[in-house]
2 protein chains.
Amino acid sequence: MVDISRGNLIEAEEIDESDIVDRIFEAVIEQRLPPGTKLSESALCDAFGVGRMRIRRSLLLLASRDVVELHANRGAFVASPTPEQAREVFEARLALEPNIARLAVQRANETDIAALTRHLEMEYMAHKERHRHDAIRLSGQFHTLLAQVAGNAILIRTVKELVTRTSLIIGLFGAPGVSNCRDDDHAAIVGAFHTRDAEKAAWMMTLHLRHIQEHLEAGAKTSDSVDLMALFGKA
Amino acid sequence: MVDISRGNLIEAEEIDESDIVDRIFEAVIEQRLPPGTKLSESALCDAFGVGRMRIRRSLLLLASRDVVELHANRGAFVASPTPEQAREVFEARLALEPNIARLAVQRANETDIAALTRHLEMEYMAHKERHRHDAIRLSGQFHTLLAQVAGNAILIRTVKELVTRTSLIIGLFGAPGVSNCRDDDHAAIVGAFHTRDAEKAAWMMTLHLRHIQEHLEAGAKTSDSVDLMALFGKA
DNA sequence: ATTGAGCGTATTGTTAACGATCTTGTCAAG
DNA sequence: CTTGACAAGATCGTTAACAATACGCTCAAT
């Protein structure tokens, strides 16, 4: 059984299908659901304790964000982004996130900056204590947090989708054991918040995303039998 | 019965639910489905000639893009964006589309530029001959076409969503009878393609979006009994 | 030993019927 | 004349059973 149910099955609480979607998003971000993992309906029904309809709706929503792939009569699988899709994800992030950083600096109040600083500390702690899953999750949540500070629901949604897909891309093409974000970059971005330098924040974000991308292209050369899978694995 | 089925019901062809979603997107863009319109399941089943399940899946996908609102036990309605949501849509468009224009100029080949020019002529023709629905649809498709030239599936999807929601916003807050895009702005953007001036294209797009926004804020003062609907209509 | 065909099983996709909730129209009371 | 309650009708949400497809195993033939 897939270990999606983080924490304990809460009592007869209301489980919205957006909860299910968020939980699967998080599991993918933390790389506990590697690309290609089969998401069987019955297994998910047991894991979340809901009926099949909820699960199917959730899988459809996840597929509409390109986080899972639906194959007719074969079921749902965690997406395996192609190199072309990986390019598109980073292109979109480079188009969006610098502007989000700019907006966030302009809108941030003291509370927001404190939250960012605290988040940075949590990232540092998780990294220092080798809590890999936490480190990866916090790394991604940093970008979502920026969108929240920017105060735009559309941007939050889009960044969540892009960050999740980035986790899949790193899992596929990244060198093993490499964390996706270097904390230094995040610290530099938060630094721009303290000086209220929106342009610097945007530029730091651009550099940060380029770092991730370069790191990927460096590790993309190594390929064993995986090549066959990447070429012919999915339709 | 809502007149969604543009053209004739084709024979027993395969009707993917993405077709249904696209058709409803287009109908919303052309403002043939005003905000608040009820989308009854049975009516849609008849209109598209498919089972209830397909319709419900399509409505869920549309709701995930904030184009329809789902009210429990009450059904699906075309979304009525709040002023706050309108602000978010334009903020997202201003963050995205100038960069899309930049990318499109960098990637455009002769065929792409020819297509853009031809599209401009179609817009002009539709506007001249007072084909209001065509004019509005082409106006929106121009922005989608730019994303297609940029060659990024994520950007295409996002722009489609934002353009559709913009049509709803214009229907709610715009002065009546006003087309959403002035052709002059589009012409200026295409002009930047001929001179291969990516920066100019980006800046023209920024100005274009600001024009639309200003046009809206000008018409947002007039409000009759619609105010009550906008304030209390939806949960 | 490897490859191909054939069959049983398991999972998915669809349809239909049921139950719950909301809307609407009517009627009576103030 | 207005307002409140009540009941009939309709629509939505859920569950369960059925049908269709793909997978994995066995077995035989080259």
# chains A, B, ... in the order shown; residues from 1 in each chain; ligands from 1

$ residues_around --residues "segment 83-95 of chain B" --least-positions-apart "3" --cutoff "7 Å" --atoms "only C-alpha atoms (C1' of nucleotides)" --output "list in words"
Leu96, Asn99, Asn152, Ile154 and Leu155 of chain A; Pro98, Leu162, Ile169, Thr206 and Leu209 of chain B

$ calpha_fit_rmsd --fixed "chain A" --moving "chain B"
0.2 Å

$ closest_residue --among "C:DC27, C:DA5, C:DA10, C:DC18" --to "DA28 of chain D" --atoms "only C-alpha atoms (C1' of nucleotides)"
C:DA5

$ atom_distance --atom1 "atom CA of Ile136 of chain A" --atom2 "atom CA of Gln31 of chain A"
8.1 Å

$ residues_around --residues "His119 of chain B" --least-positions-apart "3" --cutoff "12 Å" --atoms "only C-alpha atoms (C1' of nucleotides)" --output "list in words"
Asp112, Ile113, Ala114, Ala115, Leu116, Met122, Glu123, Tyr124, Met125, Ala126, Asp134, Ala135, Arg137, Leu138, Ser139, Gly140, Gln141, Phe142, His143, Thr144, Leu145, Leu146, Asp183, His186, Ala187 and Val190 of chain B

$ select_by_dssp --residues "segment 43-224 of chain A" --states "strand (DSSP E)" --output "PyMOL selection string"
chain A and resi 68-71+75-78

$ write_last_selection --atoms "N, CA and C atoms" --output "compact mmCIF listing (two decimals), in the first residue's frame"
# COMPACT_ATOMS: atom_id res chain seq x y z
N VAL A 68 -0.22 13.84 -12.71
CA VAL A 68 -0.39 12.41 -12.97
C VAL A 68 -0.84 12.26 -14.42
N GLU A 69 -0.56 11.08 -14.96
CA GLU A 69 -0.99 10.78 -16.32
C GLU A 69 -2.08 9.72 -16.25
N LEU A 70 -3.14 9.92 -17.01
CA LEU A 70 -4.22 8.95 -17.05
C LEU A 70 -4.14 8.18 -18.36
N HIS A 71 -4.01 6.87 -18.26
CA HIS A 71 -3.99 6.03 -19.45
C HIS A 71 -5.29 5.24 -19.48
N GLY A 75 -5.14 3.01 -15.93
CA GLY A 75 -5.06 3.61 -14.62
C GLY A 75 -4.26 4.91 -14.59
N ALA A 76 -3.96 5.36 -13.38
CA ALA A 76 -3.28 6.63 -13.17
C ALA A 76 -1.86 6.38 -12.69
N PHE A 77 -0.93 7.17 -13.21
CA PHE A 77 0.47 7.04 -12.82
C PHE A 77 1.04 8.43 -12.53
N VAL A 78 1.95 8.48 -11.61
CA VAL A 78 2.66 9.74 -11.38
C VAL A 78 3.38 10.10 -12.67

$ atom_distance --atom1 "atom CA of Met53 of chain B" --atom2 "atom C1' of DT14 of chain C"
8.4 Å

$ closest_atom_pairs --of "chain D" --to "chain B" --cutoff "9 Å" --atoms "only C-alpha atoms (C1' of nucleotides)" --output "Markdown table"
| residue | atom | partner | partner_atom | distance |
| --- | --- | --- | --- | --- |
| D:DT11 | C1' | B:Arg74 | CA | 7.4 |
| D:DC12 | C1' | B:Asn73 | CA | 4.9 |
| D:DG13 | C1' | B:Asn73 | CA | 7.2 |

$ interface_residues --of "chain C" --to "chain B" --cutoff "9 Å" --atoms "only C-alpha atoms (C1' of nucleotides)" --output "list of chain:residue names"
C:DT14, C:DT15, C:DA20, C:DT21, C:DC22

$ write_last_selection --atoms "N, CA and C atoms (P, O5', C5', C4', C3', O3' and C1' of nucleotides)" --output "JSON list (two decimals), in the first residue's frame"
[["chain", "number", "residue", "atom", "x", "y", "z"],
["C", 14, "DT", "P", -15.77, 6.04, -19.85],
["C", 14, "DT", "O5'", -17.19, 5.38, -19.58],
["C", 14, "DT", "C5'", -17.51, 4.14, -20.22],
["C", 14, "DT", "C4'", -18.84, 3.60, -19.74],
["C", 14, "DT", "C3'", -19.95, 4.66, -19.61],
["C", 14, "DT", "O3'", -20.94, 4.38, -20.58],
["C", 14, "DT", "C1'", -19.88, 3.17, -17.72],
["C", 15, "DT", "P", -22.14, 5.44, -20.74],
["C", 15, "DT", "O5'", -23.33, 4.70, -19.98],
["C", 15, "DT", "C5'", -23.45, 3.28, -20.10],
["C", 15, "DT", "C4'", -24.41, 2.75, -19.04],
["C", 15, "DT", "C3'", -25.66, 3.60, -18.80],
["C", 15, "DT", "O3'", -26.81, 2.82, -19.05],
["C", 15, "DT", "C1'", -24.62, 3.02, -16.74],
["C", 20, "DA", "P", -31.64, 9.68, 2.50],
["C", 20, "DA", "O5'", -31.08, 11.09, 2.07],
["C", 20, "DA", "C5'", -29.69, 11.21, 1.75],
["C", 20, "DA", "C4'", -29.39, 12.61, 1.24],
["C", 20, "DA", "C3'", -30.04, 13.75, 2.04],
["C", 20, "DA", "O3'", -29.12, 14.79, 2.24],
["C", 20, "DA", "C1'", -30.70, 13.89, -0.22],
["C", 21, "DT", "P", -29.42, 15.96, 3.30],
["C", 21, "DT", "O5'", -29.55, 17.26, 2.39],
["C", 21, "DT", "C5'", -28.56, 17.55, 1.40],
["C", 21, "DT", "C4'", -29.15, 18.48, 0.36],
["C", 21, "DT", "C3'", -29.91, 19.67, 0.94],
["C", 21, "DT", "O3'", -29.18, 20.86, 0.70],
["C", 21, "DT", "C1'", -31.04, 18.69, -0.92],
["C", 22, "DC", "P", -29.68, 22.27, 1.28],
["C", 22, "DC", "O5'", -30.38, 22.92, 0.00],
["C", 22, "DC", "C5'", -29.64, 23.02, -1.22],
["C", 22, "DC", "C4'", -30.60, 23.29, -2.38],
["C", 22, "DC", "C3'", -31.43, 24.58, -2.23],
["C", 22, "DC", "O3'", -31.24, 25.41, -3.35],
["C", 22, "DC", "C1'", -32.79, 22.74, -2.85]]

$ atom_distance --atom1 "atom C1' of DT26 of chain C" --atom2 "atom C1' of DC6 of chain D"
8.9 Å

$ decode --residues "segment 4-23 of chain C" --atoms "C-alpha atoms (C1' of nucleotides)" --output "PDB file, in the first residue's frame"
ATOM      1  C1'  DG C   4       4.159 -16.856 -29.208  1.00  0.00           C
ATOM      2  C1'  DA C   5      -0.664 -17.840 -28.247  1.00  0.00           C
ATOM      3  C1'  DG C   6      -4.549 -18.489 -25.069  1.00  0.00           C
ATOM      4  C1'  DC C   7      -6.981 -17.953 -20.896  1.00  0.00           C
ATOM      5  C1'  DG C   8      -8.110 -16.298 -16.029  1.00  0.00           C
ATOM      6  C1'  DT C   9      -7.893 -12.478 -13.111  1.00  0.00           C
ATOM      7  C1'  DA C  10      -7.853  -7.850 -11.739  1.00  0.00           C
ATOM      8  C1'  DT C  11      -8.644  -3.121 -12.591  1.00  0.00           C
ATOM      9  C1'  DT C  12     -10.847   0.412 -14.902  1.00  0.00           C
ATOM     10  C1'  DG C  13     -14.933   2.769 -17.359  1.00  0.00           C
ATOM     11  C1'  DT C  14     -19.881   3.169 -17.720  1.00  0.00           C
ATOM     12  C1'  DT C  15     -24.619   3.019 -16.742  1.00  0.00           C
ATOM     13  C1'  DA C  16     -28.619   2.999 -13.954  1.00  0.00           C
ATOM     14  C1'  DA C  17     -31.177   3.477  -9.851  1.00  0.00           C
ATOM     15  C1'  DC C  18     -31.595   5.496  -5.274  1.00  0.00           C
ATOM     16  C1'  DG C  19     -31.525   9.098  -1.628  1.00  0.00           C
ATOM     17  C1'  DA C  20     -30.699  13.894  -0.222  1.00  0.00           C
ATOM     18  C1'  DT C  21     -31.041  18.687  -0.924  1.00  0.00           C
ATOM     19  C1'  DC C  22     -32.794  22.743  -2.854  1.00  0.00           C
ATOM     20  C1'  DT C  23     -36.311  25.408  -5.496  1.00  0.00           C
TER      21       DT C  23
END
